[in-house]
Every structure is written in C-alpha cells, then in structure tokens.
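So this block is my_file03.pdb, PDB, C-alpha atoms and all ligand atoms:
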```
MODEL        1
ATOM      1  CA  MET P   1       0.000   0.000   0.000  1.00  0.00           C
ATOM      2  CA  CYS P   2       1.278   3.433  -0.874  1.00  0.00           C
ATOM      3  CA  GLY P   3      -0.471   5.783   1.494  1.00  0.00           C
ATOM      4  CA  THR P   4       2.448   8.161   2.014  1.00  0.00           C
ATOM      5  CA  CYS P   5       2.073  10.427  -0.980  1.00  0.00           C
ATOM      6  CA  GLY P   6      -1.671  10.335  -1.570  1.00  0.00           C
ATOM      7  CA  CYS P   7      -1.413   8.579  -4.916  1.00  0.00           C
ATOM      8  CA  GLU P   8      -3.306   5.487  -3.840  1.00  0.00           C
ATOM      9  CA  PRO P   9      -6.821   5.399  -5.306  1.00  0.00           C
ATOM     10  CA  ASP P  10      -9.145   6.063  -2.397  1.00  0.00           C
ATOM     11  CA  PRO P  11     -12.932   6.137  -2.470  1.00  0.00           C
ATOM     12  CA  ALA P  12     -13.080   8.912   0.157  1.00  0.00           C
ATOM     13  CA  PRO P  13     -13.985  12.159  -1.724  1.00  0.00           C
ATOM     14  CA  ARG P  14     -11.825  14.374   0.485  1.00  0.00           C
ATOM     15  CA  ARG P  15      -8.712  12.343  -0.293  1.00  0.00           C
ATOM     16  CA  LEU P  16      -9.457  12.537  -4.026  1.00  0.00           C
ATOM     17  CA  VAL P  17      -9.709  16.325  -3.906  1.00  0.00           C
ATOM     18  CA  LEU P  18      -6.396  16.555  -2.072  1.00  0.00           C
ATOM     19  CA  GLN P  19      -4.790  14.284  -4.622  1.00  0.00           C
ATOM     20  CA  GLN P  20      -6.011  16.477  -7.471  1.00  0.00           C
ATOM     21  CA  ARG P  21      -4.596  19.566  -5.759  1.00  0.00           C
ATOM     22  CA  LEU P  22      -1.278  17.820  -5.214  1.00  0.00           C
ATOM     23  CA  LEU P  23      -1.093  16.791  -8.844  1.00  0.00           C
ATOM     24  CA  SER P  24      -2.087  20.205 -10.197  1.00  0.00           C
ATOM     25  CA  ARG P  25       0.554  21.920  -8.044  1.00  0.00           C
ATOM     26  CA  ASN P  26       3.070  19.424  -9.353  1.00  0.00           C
ATOM     27  CA  SER P  27       1.911  20.039 -12.941  1.00  0.00           C
ATOM     28  CA  LEU P  28       2.535  23.772 -12.576  1.00  0.00           C
ATOM     29  CA  GLN P  29       6.075  23.208 -11.315  1.00  0.00           C
ATOM     30  CA  ALA P  30       6.620  20.619 -14.054  1.00  0.00           C
ATOM     31  CA  GLU P  31       5.702  23.200 -16.708  1.00  0.00           C
ATOM     32  CA  LEU P  32       8.162  25.647 -15.144  1.00  0.00           C
ATOM     33  CA  ASN P  33      10.869  22.969 -15.192  1.00  0.00           C
ATOM     34  CA  ARG P  34      10.092  22.146 -18.829  1.00  0.00           C
ATOM     35  CA  ALA P  35      10.290  25.805 -19.852  1.00  0.00           C
ATOM     36  CA  GLN P  36      13.602  26.172 -18.037  1.00  0.00           C
ATOM     37  CA  PHE P  37      15.011  23.003 -19.600  1.00  0.00           C
ATOM     38  CA  ARG P  38      14.001  24.296 -23.053  1.00  0.00           C
ATOM     39  CA  ALA P  39      15.424  27.756 -22.452  1.00  0.00           C
ATOM     40  CA  ASN P  40      18.749  26.212 -21.392  1.00  0.00           C
ATOM     41  CA  ARG P  41      18.675  23.610 -24.187  1.00  0.00           C
ATOM     42  CA  VAL P  42      18.723  20.754 -21.683  1.00  0.00           C
ATOM     43  CA  LEU P  43      17.160  17.423 -22.595  1.00  0.00           C
ATOM     44  CA  ALA P  44      15.686  15.934 -19.408  1.00  0.00           C
ATOM     45  CA  VAL P  45      14.921  12.213 -19.354  1.00  0.00           C
ATOM     46  CA  ASN P  46      12.861  10.509 -16.648  1.00  0.00           C
ATOM     47  CA  VAL P  47      13.882   6.855 -16.105  1.00  0.00           C
ATOM     48  CA  LEU P  48      11.246   4.692 -14.445  1.00  0.00           C
ATOM     49  CA  SER P  49      11.018   1.055 -13.435  1.00  0.00           C
ATOM     50  CA  ALA P  50      10.473  -1.412 -10.630  1.00  0.00           C
ATOM     51  CA  PRO P  51      13.133  -1.597  -7.919  1.00  0.00           C
ATOM     52  CA  GLY P  52      16.173  -3.519  -9.071  1.00  0.00           C
ATOM     53  CA  SER P  53      15.432  -3.694 -12.787  1.00  0.00           C
ATOM     54  CA  GLY P  54      18.729  -1.987 -13.532  1.00  0.00           C
ATOM     55  CA  LYS P  55      18.203   1.787 -13.747  1.00  0.00           C
ATOM     56  CA  THR P  56      21.462   2.616 -11.999  1.00  0.00           C
ATOM     57  CA  ALA P  57      23.366  -0.172 -13.749  1.00  0.00           C
ATOM     58  CA  LEU P  58      22.261   1.153 -17.143  1.00  0.00           C
ATOM     59  CA  LEU P  59      23.117   4.729 -16.209  1.00  0.00           C
ATOM     60  CA  GLU P  60      26.523   3.607 -14.930  1.00  0.00           C
ATOM     61  CA  GLN P  61      27.240   2.015 -18.297  1.00  0.00           C
ATOM     62  CA  MET P  62      25.885   5.064 -20.117  1.00  0.00           C
ATOM     63  CA  ALA P  63      28.200   7.262 -18.062  1.00  0.00           C
ATOM     64  CA  ARG P  64      31.149   5.152 -19.205  1.00  0.00           C
ATOM     65  CA  LEU P  65      30.116   5.313 -22.872  1.00  0.00           C
ATOM     66  CA  TRP P  66      28.560   8.786 -23.140  1.00  0.00           C
ATOM     67  CA  PRO P  67      30.610  10.732 -25.701  1.00  0.00           C
ATOM     68  CA  MET P  68      29.545  14.287 -24.795  1.00  0.00           C
ATOM     69  CA  GLY P  69      31.270  14.986 -21.469  1.00  0.00           C
ATOM     70  CA  PRO P  70      30.259  13.747 -18.029  1.00  0.00           C
ATOM     71  CA  LEU P  71      26.734  12.376 -17.824  1.00  0.00           C
ATOM     72  CA  ALA P  72      24.551  14.368 -15.413  1.00  0.00           C
ATOM     73  CA  VAL P  73      22.197  12.312 -13.259  1.00  0.00           C
ATOM     74  CA  ILE P  74      19.704  13.146 -10.531  1.00  0.00           C
ATOM     75  CA  VAL P  75      18.772   9.983  -8.675  1.00  0.00           C
ATOM     76  CA  GLY P  76      15.905   9.448  -6.265  1.00  0.00           C
ATOM     77  CA  ASP P  77      15.717   6.813  -3.549  1.00  0.00           C
ATOM     78  CA  LEU P  78      13.884   6.615  -0.247  1.00  0.00           C
ATOM     79  CA  ALA P  79      17.190   6.259   1.583  1.00  0.00           C
ATOM     80  CA  THR P  80      20.978   6.076   1.102  1.00  0.00           C
ATOM     81  CA  GLU P  81      23.335   7.748  -1.336  1.00  0.00           C
ATOM     82  CA  ARG P  82      24.407   4.419  -2.769  1.00  0.00           C
ATOM     83  CA  ASP P  83      23.184   5.022  -6.312  1.00  0.00           C
ATOM     84  CA  ALA P  84      24.787   8.469  -6.574  1.00  0.00           C
ATOM     85  CA  GLN P  85      28.053   7.001  -5.301  1.00  0.00           C
ATOM     86  CA  ARG P  86      27.915   4.202  -7.897  1.00  0.00           C
ATOM     87  CA  LEU P  87      27.213   6.741 -10.644  1.00  0.00           C
ATOM     88  CA  GLN P  88      30.012   9.049  -9.527  1.00  0.00           C
ATOM     89  CA  ALA P  89      32.420   6.093  -9.521  1.00  0.00           C
ATOM     90  CA  ALA P  90      31.377   5.457 -13.138  1.00  0.00           C
ATOM     91  CA  GLY P  91      32.250   9.047 -14.063  1.00  0.00           C
ATOM     92  CA  ALA P  92      28.818  10.704 -13.872  1.00  0.00           C
ATOM     93  CA  ARG P  93      28.026  14.032 -12.250  1.00  0.00           C
ATOM     94  CA  ALA P  94      25.404  12.629  -9.905  1.00  0.00           C
ATOM     95  CA  LEU P  95      23.221  14.087  -7.192  1.00  0.00           C
ATOM     96  CA  GLN P  96      21.150  11.975  -4.818  1.00  0.00           C
ATOM     97  CA  ILE P  97      17.698  12.970  -3.616  1.00  0.00           C
ATOM     98  CA  CYS P  98      16.619  11.029  -0.514  1.00  0.00           C
ATOM     99  CA  THR P  99      12.847  11.167  -0.495  1.00  0.00           C
ATOM    100  CA  GLY P 100      12.279   9.650   2.969  1.00  0.00           C
ATOM    101  CA  ASP P 101       8.773   8.216   2.790  1.00  0.00           C
ATOM    102  CA  LEU P 102       7.911   9.570  -0.651  1.00  0.00           C
ATOM    103  CA  CYS P 103       7.608   6.824  -3.249  1.00  0.00           C
ATOM    104  CA  HIS P 104       8.331   8.999  -6.319  1.00  0.00           C
ATOM    105  CA  LEU P 105      10.181  12.126  -7.386  1.00  0.00           C
ATOM    106  CA  ASP P 106       8.167  15.272  -7.994  1.00  0.00           C
ATOM    107  CA  ALA P 107       8.786  18.411 -10.004  1.00  0.00           C
ATOM    108  CA  ALA P 108       9.796  20.559  -7.007  1.00  0.00           C
ATOM    109  CA  LEU P 109      12.430  18.050  -5.901  1.00  0.00           C
ATOM    110  CA  VAL P 110      13.868  17.941  -9.407  1.00  0.00           C
ATOM    111  CA  SER P 111      13.911  21.734  -9.649  1.00  0.00           C
ATOM    112  CA  ALA P 112      15.851  22.020  -6.373  1.00  0.00           C
ATOM    113  CA  ALA P 113      18.287  19.258  -7.335  1.00  0.00           C
ATOM    114  CA  ARG P 114      18.872  20.750 -10.748  1.00  0.00           C
ATOM    115  CA  GLY P 115      19.859  24.038  -9.087  1.00  0.00           C
ATOM    116  CA  GLU P 116      22.383  22.192  -6.920  1.00  0.00           C
ATOM    117  CA  LEU P 117      23.795  20.243  -9.827  1.00  0.00           C
ATOM    118  CA  GLY P 118      24.639  23.472 -11.707  1.00  0.00           C
ATOM    119  CA  SER P 119      23.661  24.118 -15.283  1.00  0.00           C
ATOM    120  CA  ASP P 120      26.608  25.700 -17.110  1.00  0.00           C
ATOM    121  CA  ASP P 121      27.484  22.996 -19.633  1.00  0.00           C
ATOM    122  CA  LEU P 122      24.501  20.684 -19.079  1.00  0.00           C
ATOM    123  CA  ARG P 123      22.887  19.272 -22.238  1.00  0.00           C
ATOM    124  CA  LEU P 124      21.487  15.916 -21.115  1.00  0.00           C
ATOM    125  CA  LEU P 125      19.994  15.359 -17.669  1.00  0.00           C
ATOM    126  CA  MET P 126      19.069  11.802 -16.747  1.00  0.00           C
ATOM    127  CA  ILE P 127      16.666  11.478 -13.813  1.00  0.00           C
ATOM    128  CA  GLU P 128      16.517   8.069 -12.135  1.00  0.00           C
ATOM    129  CA  ASN P 129      13.164   7.936 -10.405  1.00  0.00           C
ATOM    130  CA  VAL P 130      12.408   5.981  -7.241  1.00  0.00           C
ATOM    131  CA  GLY P 131      12.022   2.272  -8.034  1.00  0.00           C
ATOM    132  CA  ASN P 132       8.259   1.814  -8.254  1.00  0.00           C
ATOM    133  CA  LEU P 133       5.973   0.798 -11.105  1.00  0.00           C
ATOM    134  CA  VAL P 134       2.988   2.850  -9.917  1.00  0.00           C
ATOM    135  CA  CYS P 135       3.427   6.313  -8.348  1.00  0.00           C
ATOM    136  CA  PRO P 136       6.268   7.801 -10.460  1.00  0.00           C
ATOM    137  CA  ALA P 137       4.145   7.429 -13.598  1.00  0.00           C
ATOM    138  CA  ALA P 138       1.620   9.949 -12.235  1.00  0.00           C
ATOM    139  CA  PHE P 139       4.118  12.741 -11.547  1.00  0.00           C
ATOM    140  CA  ASP P 140       5.348  14.880 -14.423  1.00  0.00           C
ATOM    141  CA  LEU P 141       8.837  16.174 -13.631  1.00  0.00           C
ATOM    142  CA  GLY P 142       8.985  18.516 -16.621  1.00  0.00           C
ATOM    143  CA  GLU P 143      11.004  16.003 -18.591  1.00  0.00           C
ATOM    144  CA  GLN P 144      10.917  15.830 -22.390  1.00  0.00           C
ATOM    145  CA  LEU P 145      11.385  12.051 -22.563  1.00  0.00           C
ATOM    146  CA  ARG P 146      10.471   9.034 -20.486  1.00  0.00           C
ATOM    147  CA  ILE P 147      12.281   5.726 -20.514  1.00  0.00           C
ATOM    148  CA  ALA P 148      10.626   2.718 -18.877  1.00  0.00           C
ATOM    149  CA  ILE P 149      12.765  -0.286 -18.013  1.00  0.00           C
ATOM    150  CA  LEU P 150      11.465  -3.842 -17.855  1.00  0.00           C
ATOM    151  CA  SER P 151      13.912  -6.534 -16.819  1.00  0.00           C
ATOM    152  CA  VAL P 152      13.478 -10.120 -17.882  1.00  0.00           C
ATOM    153  CA  THR P 153      13.268 -11.366 -14.291  1.00  0.00           C
ATOM    154  CA  GLU P 154      10.097  -9.356 -13.597  1.00  0.00           C
ATOM    155  CA  GLY P 155       7.858 -11.339 -15.950  1.00  0.00           C
ATOM    156  CA  GLU P 156       6.374 -10.684 -19.382  1.00  0.00           C
ATOM    157  CA  ASP P 157       3.040  -9.469 -17.989  1.00  0.00           C
ATOM    158  CA  LYS P 158       4.233  -6.320 -16.217  1.00  0.00           C
ATOM    159  CA  PRO P 159       3.296  -3.939 -19.075  1.00  0.00           C
ATOM    160  CA  LEU P 160      -0.265  -5.296 -18.901  1.00  0.00           C
ATOM    161  CA  LYS P 161      -0.461  -5.065 -15.115  1.00  0.00           C
ATOM    162  CA  TYR P 162       1.149  -1.627 -14.752  1.00  0.00           C
ATOM    163  CA  PRO P 163       0.077   0.030 -18.014  1.00  0.00           C
ATOM    164  CA  ALA P 164       0.374   3.700 -16.960  1.00  0.00           C
ATOM    165  CA  LEU P 165       4.134   3.563 -16.655  1.00  0.00           C
ATOM    166  CA  PHE P 166       4.580   1.957 -20.076  1.00  0.00           C
ATOM    167  CA  LYS P 167       1.873   3.991 -21.843  1.00  0.00           C
ATOM    168  CA  GLY P 168       3.737   7.200 -21.044  1.00  0.00           C
ATOM    169  CA  ALA P 169       7.117   5.943 -22.240  1.00  0.00           C
ATOM    170  CA  ASP P 170       8.952   7.219 -25.307  1.00  0.00           C
ATOM    171  CA  ALA P 171      11.237   4.215 -25.068  1.00  0.00           C
ATOM    172  CA  VAL P 172      11.242   0.899 -23.260  1.00  0.00           C
ATOM    173  CA  VAL P 173      14.484  -0.810 -22.311  1.00  0.00           C
ATOM    174  CA  LEU P 174      14.277  -4.564 -21.936  1.00  0.00           C
ATOM    175  CA  ASN P 175      17.182  -5.168 -19.567  1.00  0.00           C
ATOM    176  CA  LYS P 176      19.030  -8.189 -18.162  1.00  0.00           C
ATOM    177  CA  ILE P 177      18.756 -10.046 -21.439  1.00  0.00           C
ATOM    178  CA  ASP P 178      21.786 -12.070 -20.327  1.00  0.00           C
ATOM    179  CA  LEU P 179      19.418 -13.726 -17.829  1.00  0.00           C
ATOM    180  CA  ALA P 180      16.609 -14.420 -20.315  1.00  0.00           C
ATOM    181  CA  LYS P 181      17.306 -18.130 -20.614  1.00  0.00           C
ATOM    182  CA  ALA P 182      17.751 -18.696 -16.884  1.00  0.00           C
ATOM    183  CA  ALA P 183      14.495 -16.805 -16.210  1.00  0.00           C
ATOM    184  CA  ASP P 184      12.674 -18.777 -18.906  1.00  0.00           C
ATOM    185  CA  PHE P 185      11.737 -15.403 -20.364  1.00  0.00           C
ATOM    186  CA  ASP P 186       9.314 -15.418 -23.300  1.00  0.00           C
ATOM    187  CA  ARG P 187      10.687 -12.559 -25.400  1.00  0.00           C
ATOM    188  CA  GLN P 188       7.955 -12.657 -28.071  1.00  0.00           C
ATOM    189  CA  LEU P 189       5.223 -12.514 -25.448  1.00  0.00           C
ATOM    190  CA  ALA P 190       6.866  -9.599 -23.642  1.00  0.00           C
ATOM    191  CA  ILE P 191       7.267  -7.692 -26.905  1.00  0.00           C
ATOM    192  CA  ALA P 192       3.617  -8.382 -27.819  1.00  0.00           C
ATOM    193  CA  ASN P 193       2.508  -7.125 -24.390  1.00  0.00           C
ATOM    194  CA  LEU P 194       4.600  -4.001 -24.801  1.00  0.00           C
ATOM    195  CA  ALA P 195       3.223  -3.424 -28.298  1.00  0.00           C
ATOM    196  CA  ALA P 196      -0.333  -3.744 -26.952  1.00  0.00           C
ATOM    197  CA  VAL P 197       0.193  -1.216 -24.163  1.00  0.00           C
ATOM    198  CA  ALA P 198       2.874   1.076 -25.541  1.00  0.00           C
ATOM    199  CA  PRO P 199       2.935   0.920 -29.354  1.00  0.00           C
ATOM    200  CA  GLN P 200       4.504   4.399 -29.445  1.00  0.00           C
ATOM    201  CA  ALA P 201       7.612   3.369 -27.533  1.00  0.00           C
ATOM    202  CA  ARG P 202      10.792   2.351 -29.273  1.00  0.00           C
ATOM    203  CA  LEU P 203      12.428  -0.741 -27.848  1.00  0.00           C
ATOM    204  CA  PHE P 204      16.025  -1.322 -26.791  1.00  0.00           C
ATOM    205  CA  GLU P 205      17.260  -4.662 -25.521  1.00  0.00           C
ATOM    206  CA  THR P 206      20.197  -4.446 -23.164  1.00  0.00           C
ATOM    207  CA  SER P 207      22.379  -6.183 -20.683  1.00  0.00           C
ATOM    208  CA  ALA P 208      23.774  -3.532 -18.398  1.00  0.00           C
ATOM    209  CA  ARG P 209      25.854  -6.255 -16.762  1.00  0.00           C
ATOM    210  CA  LEU P 210      27.582  -7.180 -20.027  1.00  0.00           C
ATOM    211  CA  GLN P 211      27.446  -3.659 -21.527  1.00  0.00           C
ATOM    212  CA  GLN P 212      25.347  -4.938 -24.444  1.00  0.00           C
ATOM    213  CA  GLY P 213      22.790  -2.992 -26.469  1.00  0.00           C
ATOM    214  CA  LEU P 214      23.676   0.428 -25.058  1.00  0.00           C
ATOM    215  CA  ASP P 215      24.777   1.823 -28.433  1.00  0.00           C
ATOM    216  CA  GLY P 216      21.235   2.103 -29.798  1.00  0.00           C
ATOM    217  CA  LEU P 217      20.000   3.846 -26.681  1.00  0.00           C
ATOM    218  CA  ILE P 218      22.881   6.322 -26.721  1.00  0.00           C
ATOM    219  CA  SER P 219      22.443   7.050 -30.468  1.00  0.00           C
ATOM    220  CA  TRP P 220      18.743   7.725 -29.947  1.00  0.00           C
ATOM    221  CA  LEU P 221      19.473  10.181 -27.112  1.00  0.00           C
ATOM    222  CA  ILE P 222      22.094  11.961 -29.222  1.00  0.00           C
ATOM    223  CA  ASP P 223      19.532  12.260 -32.060  1.00  0.00           C
ATOM    224  CA  GLU P 224      16.995  13.699 -29.625  1.00  0.00           C
ATOM    225  CA  LEU P 225      19.589  16.192 -28.369  1.00  0.00           C
ATOM    226  CA  GLU P 226      20.301  17.350 -31.892  1.00  0.00           C
ATOM    227  CA  HIS P 227      16.643  17.940 -32.787  1.00  0.00           C
TER
HETATM  228  N1  LIG P 301      22.568 -10.072 -14.853  1.00  0.00           N
HETATM  229  C1  LIG P 301      22.270  -8.791 -14.891  1.00  0.00           C
HETATM  230  N2  LIG P 301      22.163  -8.104 -13.753  1.00  0.00           N
HETATM  231  C2  LIG P 301      21.856  -6.789 -13.818  1.00  0.00           C
HETATM  232  C3  LIG P 301      21.655  -6.117 -15.037  1.00  0.00           C
HETATM  233  N3  LIG P 301      21.340  -4.833 -14.776  1.00  0.00           N
HETATM  234  C4  LIG P 301      21.364  -4.713 -13.444  1.00  0.00           C
HETATM  235  N4  LIG P 301      21.681  -5.876 -12.862  1.00  0.00           N
HETATM  236  C5  LIG P 301      21.798  -6.163 -11.430  1.00  0.00           C
HETATM  237  O1  LIG P 301      20.515  -5.996 -10.834  1.00  0.00           O
HETATM  238  C6  LIG P 301      20.652  -5.470  -9.511  1.00  0.00           C
HETATM  239  C7  LIG P 301      19.854  -4.194  -9.389  1.00  0.00           C
HETATM  240  O2  LIG P 301      20.410  -3.221 -10.276  1.00  0.00           O
HETATM  241  P1  LIG P 301      20.276  -1.660  -9.995  1.00  0.00           P
HETATM  242  O3  LIG P 301      20.997  -0.964 -11.086  1.00  0.00           O
HETATM  243  O4  LIG P 301      20.668  -1.339  -8.595  1.00  0.00           O
HETATM  244  O5  LIG P 301      18.717  -1.488 -10.149  1.00  0.00           O
HETATM  245  P2  LIG P 301      17.840  -0.167  -9.931  1.00  0.00           P
HETATM  246  O6  LIG P 301      16.709  -0.249 -10.878  1.00  0.00           O
HETATM  247  O7  LIG P 301      18.692   1.043  -9.998  1.00  0.00           O
HETATM  248  O8  LIG P 301      17.314  -0.371  -8.441  1.00  0.00           O
HETATM  249  P3  LIG P 301      16.634   0.733  -7.476  1.00  0.00           P
HETATM  250  O9  LIG P 301      17.419   1.999  -7.591  1.00  0.00           O
HETATM  251  O10 LIG P 301      16.743   0.110  -6.119  1.00  0.00           O
HETATM  252  O11 LIG P 301      15.215   0.886  -7.929  1.00  0.00           O
HETATM  253  C8  LIG P 301      22.159  -5.260  -9.308  1.00  0.00           C
HETATM  254  O12 LIG P 301      22.670  -6.381  -8.617  1.00  0.00           O
HETATM  255  C9  LIG P 301      22.703  -5.186 -10.709  1.00  0.00           C
HETATM  256  O13 LIG P 301      24.048  -5.584 -10.808  1.00  0.00           O
HETATM  257  C10 LIG P 301      21.786  -6.866 -16.251  1.00  0.00           C
HETATM  258  O14 LIG P 301      21.619  -6.379 -17.380  1.00  0.00           O
HETATM  259  N5  LIG P 301      22.075  -8.194 -16.111  1.00  0.00           N
HETATM  260 MG    MG P 302      19.002   2.585  -8.664  1.00  0.00          MG
ENDMDL
END
```
For the file at hand, write its structure as structure tokens.
Amino acid sequence: MCGTCGCEPDPAPRRLVLQQRLLSRNSLQAELNRAQFRANRVLAVNVLSAPGSGKTALLEQMARLWPMGPLAVIVGDLATERDAQRLQAAGARALQICTGDLCHLDAALVSAARGELGSDDLRLLMIENVGNLVCPAAFDLGEQLRIAILSVTEGEDKPLKYPALFKGADAVVLNKIDLAKAADFDRQLAIANLAAVAPQARLFETSARLQQGLDGLISWLIDELEH
C-alpha cells in the first residue's frame, strides 16, 4: 500500500480532492521545469522502473560510454546515497535525492536538485526515479522524454499489469537479457505485451551487466539532443 504520498486510489472524496490539488501543483512546477530546460537547451529524461530492474546499472554504463562529457544524473531513492556514489564512480556528475517516505520524485524536488547540480554545460539530464511501477508514472517532472525499463526477471506481464508507466514511455528498455534463458523469459510474449500497451515506444534490448545494447539507446538520445 502506498499511502504516504496520496497517490493510492481512495474512495473517500476528500482524499481525491487533495490528490487532485497535489497533482495540479506538481503540474505547474513541471511546466516551469520544462520551460527552463528548453530555455537552457537541456534534454531531461525521466527513467522509471520497478526496484532492481537496472536503472542505476544502465546509467553507470551510459556514463562510461557517453561521448559528450560527463553524464549528469539526478537519482531518487527513499534512503541512502548508494546510487549516486555508484554513478560518480562510473564518471557521472550525480546528485542523490533522498525522499524519505515519498515513493516517487516530484517536479519541485527535481527543480531544487537541478539548481544544486549546476547548469553551465549541461545538455542531457538523466533522472533516475524511485524504483516503483505505480506512483512515479503519475508525476510529471517537466522532462521531455520518459524511458521505462522492464527486466526479464520481472515477468512478461508487467506492461499489462502496470500500463500507466509503459503507456507514457517514449522508449522501453528490456534489460538483463543475459538472464533471459535462466528466467525462462518469453521474449515474443513480452514484446507483444509491450506493443499492446505502448505501441509508441521504441524498444532497446540491453544487458547492463555485459554492456550490451547500449549503443542504440545512446544514439537515440544523441539524435533527440540534436533535434
Ligand atoms: N545479470 C544482470 N544483472 C543486472 C543487469 N542490470 C542490473 N543488474 C543487477 O541488478 C541489480 C539491481 O540493479 P540496480 O541498477 O541497482 O537497479 P535499480 O533499478 O537502480 O534499483 P533501485 O534503484 O533500487 O530501484 C544489481 O545487482 C545489478 O548488478 C543486467 O543487465 N544483467
Ligand atoms: Mg538505482
């Protein structure tokens, strides 16, 4: 149950009104963020997935391969600076947001973190959201692109069971493909489920562990930057 941030559907009318207010306040800040990103020619990318599907591992590998200077990453977790430390060790300029009880990042948190990160030479800003397939999908951060990650160990049905996160994605990364055989992963079924829920999303298949499949993802982001 996710009662901490008000994003759990609740039949009580008062709770619904509060949730709408929370979301509309977030939407206003998200629009401000988006305008600021545009004005500064920053491409902001929101990365969403279940806990442990490999967001940080992928971003670590991206940081090693990214050809346009240090990769900038804002990373959200309930607790610890572990992900930011991993990303910094991989060469990224990383800033950790510890959300405490909050199960998702919101636009105000991203705005504050972006200020701390500095903006002089920033062109690409990756935002690793809190690991959660539900709440982060409902909160616009002002990003221009969303990447959803599905790892093969989570099961082929996750796009059907958590459609909001995948419906809003510009790209889906199918990660941990090195484990597909061990997990008895049905690739065709997963791709069909993704196509049913998120036909708009382009698909990348990766193994962050083996540094496989990252080239396509990086080329796409460079194309988006040059638009
Ligand atoms: N075999 C294999 N393991 C992977 C791959 N990607 C990530 N992992 C492992 O999966 C575990 C979780 O990876 P993380 O990168 O921490 O996942 P995350 O999505 O950032 O997790 P949270 O931040 O907690 O939501 C780690 O032990 C990684 O080494 C992959 O492609 N293949
Ligand atoms: Mg992580």
> Hey, which residues come within 6 Å of ligand MG 302 (chain P) if we count only C-alpha atoms and all ligand atoms? Could you give them as a ChimeraX atom specification?
Replying inline: /P:55-56,83
>> One number please: atom CA of Leu165 of chain P to atom O6 of ligand LIG 301 (chain P), in Å, one decimal.
In response: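 Here the two named atoms are 14.4 Å from each other.
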> Which of these residues is nearest to Ser24 of chain P, using all atoms listed in the file: P:Leu203, P:Leu174, P:Leu65, P:Ala138?
Replying inline: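 Smallest separation from Ser24 of chain P among the options: P:Ala138.
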So that all listed atoms of segment 30-43 of chain P fit with 6 Å spare on each side, what axis-aligned box centre and edge lengths in Å, to one decimal, would you give as lines of an AutoDock Vina configuration file?
```
center_x = 12.2
center_y = 22.6
center_z = -19.1
size_x = 25.0
size_y = 22.3
size_z = 22.1
```
>> I want to know what sits within 6 Å of Gly91 of chain P, based on all atoms listed in the file, with residues of the same chain fewer than 2 positions away left out; could you give that as number ranges by chain?
In response: P: 63, 88-89
Wanna dump the chain P-ligand LIG 301 (chain P) contacts at 6 Å for me, each residue with its shortest atom pair and the distance in Å to one decimal, counting all atoms listed in the file, ordered by chain and number, as JSON lines?
```
{"residue": "P:Ala50", "atom": "CA", "partner": "P:LIG301", "partner_atom": "O11", "distance": 5.9}
{"residue": "P:Pro51", "atom": "CA", "partner": "P:LIG301", "partner_atom": "O11", "distance": 3.2}
{"residue": "P:Gly52", "atom": "CA", "partner": "P:LIG301", "partner_atom": "O8", "distance": 3.4}
{"residue": "P:Ser53", "atom": "CA", "partner": "P:LIG301", "partner_atom": "O6", "distance": 4.1}
{"residue": "P:Gly54", "atom": "CA", "partner": "P:LIG301", "partner_atom": "O5", "distance": 3.4}
{"residue": "P:Lys55", "atom": "CA", "partner": "P:LIG301", "partner_atom": "O6", "distance": 3.8}
{"residue": "P:Thr56", "atom": "CA", "partner": "P:LIG301", "partner_atom": "O3", "distance": 3.7}
{"residue": "P:Ala57", "atom": "CA", "partner": "P:LIG301", "partner_atom": "O3", "distance": 3.7}
{"residue": "P:Val130", "atom": "CA", "partner": "P:LIG301", "partner_atom": "O11", "distance": 5.9}
{"residue": "P:Gly131", "atom": "CA", "partner": "P:LIG301", "partner_atom": "O11", "distance": 3.5}
{"residue": "P:Asn175", "atom": "CA", "partner": "P:LIG301", "partner_atom": "O14", "distance": 5.1}
{"residue": "P:Lys176", "atom": "CA", "partner": "P:LIG301", "partner_atom": "O14", "distance": 3.3}
{"residue": "P:Asp178", "atom": "CA", "partner": "P:LIG301", "partner_atom": "N5", "distance": 5.7}
{"residue": "P:Leu179", "atom": "CA", "partner": "P:LIG301", "partner_atom": "N1", "distance": 5.7}
{"residue": "P:Ser207", "atom": "CA", "partner": "P:LIG301", "partner_atom": "O14", "distance": 3.4}
{"residue": "P:Ala208", "atom": "CA", "partner": "P:LIG301", "partner_atom": "O14", "distance": 3.7}
{"residue": "P:Arg209", "atom": "CA", "partner": "P:LIG301", "partner_atom": "C10", "distance": 4.1}
```
> Once the PyMOL selection byres (((chain P and resi 111) around 9) and not hetatm) has been applied to the shown file, what residues remain in the selection, as number ranges by chain?
Replying inline: P: 29-30, 32-33, 106-110, 112-116, 141
> How would you write, as a PyMOL selection string, the residues chosen by the PyMOL selection byres (((chain P and resi 100) around 9) and not hetatm) on this structure?
Replying inline: chain P and resi 77-79+98-99+101-103
>> Going by the chain IDs and residue numbers used in this file, which residues fall under the PyMOL selection byres (((chain P and resi 199-201) around 12) and not hetatm)? Write them as a ChimeraX atom specification.
In response: /P:145-149,159,163,165-174,191-198,202-204
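Note that the spacing between atom CA of Leu189 of chain P and atom CA of Leu150 of chain P amounts to 13.1 Å.
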> Which is closer to Glu154 of chain P than all the others in P:Ala183, P:Val73, P:Leu217, P:Leu23, using all atoms listed in the file?
Replying inline: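 Closest to Glu154 of chain P, using all atoms listed in the file: P:Ala183.
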Some atoms are absent from segment 98-104 of chain P, so rebuild N, CA, C and O atoms and return them as a JSON list (two decimals), in the coordinates of the input.
```
[["chain", "number", "residue", "atom", "x", "y", "z"],
["P", 98, "CYS", "N", 17.21, 12.03, -1.41],
["P", 98, "CYS", "CA", 16.62, 11.03, -0.51],
["P", 98, "CYS", "C", 15.20, 11.50, -0.19],
["P", 98, "CYS", "O", 15.02, 12.56, 0.39],
["P", 99, "THR", "N", 14.24, 10.72, -0.58],
["P", 99, "THR", "CA", 12.85, 11.17, -0.50],
["P", 99, "THR", "C", 12.20, 10.82, 0.85],
["P", 99, "THR", "O", 11.06, 11.22, 1.10],
["P", 100, "GLY", "N", 12.90, 10.05, 1.70],
["P", 100, "GLY", "CA", 12.28, 9.65, 2.97],
["P", 100, "GLY", "C", 11.15, 8.67, 2.71],
["P", 100, "GLY", "O", 11.40, 7.56, 2.26],
["P", 101, "ASP", "N", 9.92, 9.11, 2.98],
["P", 101, "ASP", "CA", 8.77, 8.22, 2.79],
["P", 101, "ASP", "C", 8.15, 8.33, 1.40],
["P", 101, "ASP", "O", 7.24, 7.57, 1.07],
["P", 102, "LEU", "N", 8.58, 9.29, 0.63],
["P", 102, "LEU", "CA", 7.91, 9.57, -0.65],
["P", 102, "LEU", "C", 8.32, 8.53, -1.70],
["P", 102, "LEU", "O", 9.51, 8.31, -1.92],
["P", 103, "CYS", "N", 7.32, 7.96, -2.37],
["P", 103, "CYS", "CA", 7.61, 6.82, -3.25],
["P", 103, "CYS", "C", 7.86, 7.24, -4.70],
["P", 103, "CYS", "O", 7.83, 6.40, -5.60],
["P", 104, "HIS", "N", 8.10, 8.52, -4.95],
["P", 104, "HIS", "CA", 8.33, 9.00, -6.32],
["P", 104, "HIS", "C", 9.03, 10.34, -6.24],
["P", 104, "HIS", "O", 8.99, 11.01, -5.19]]
```
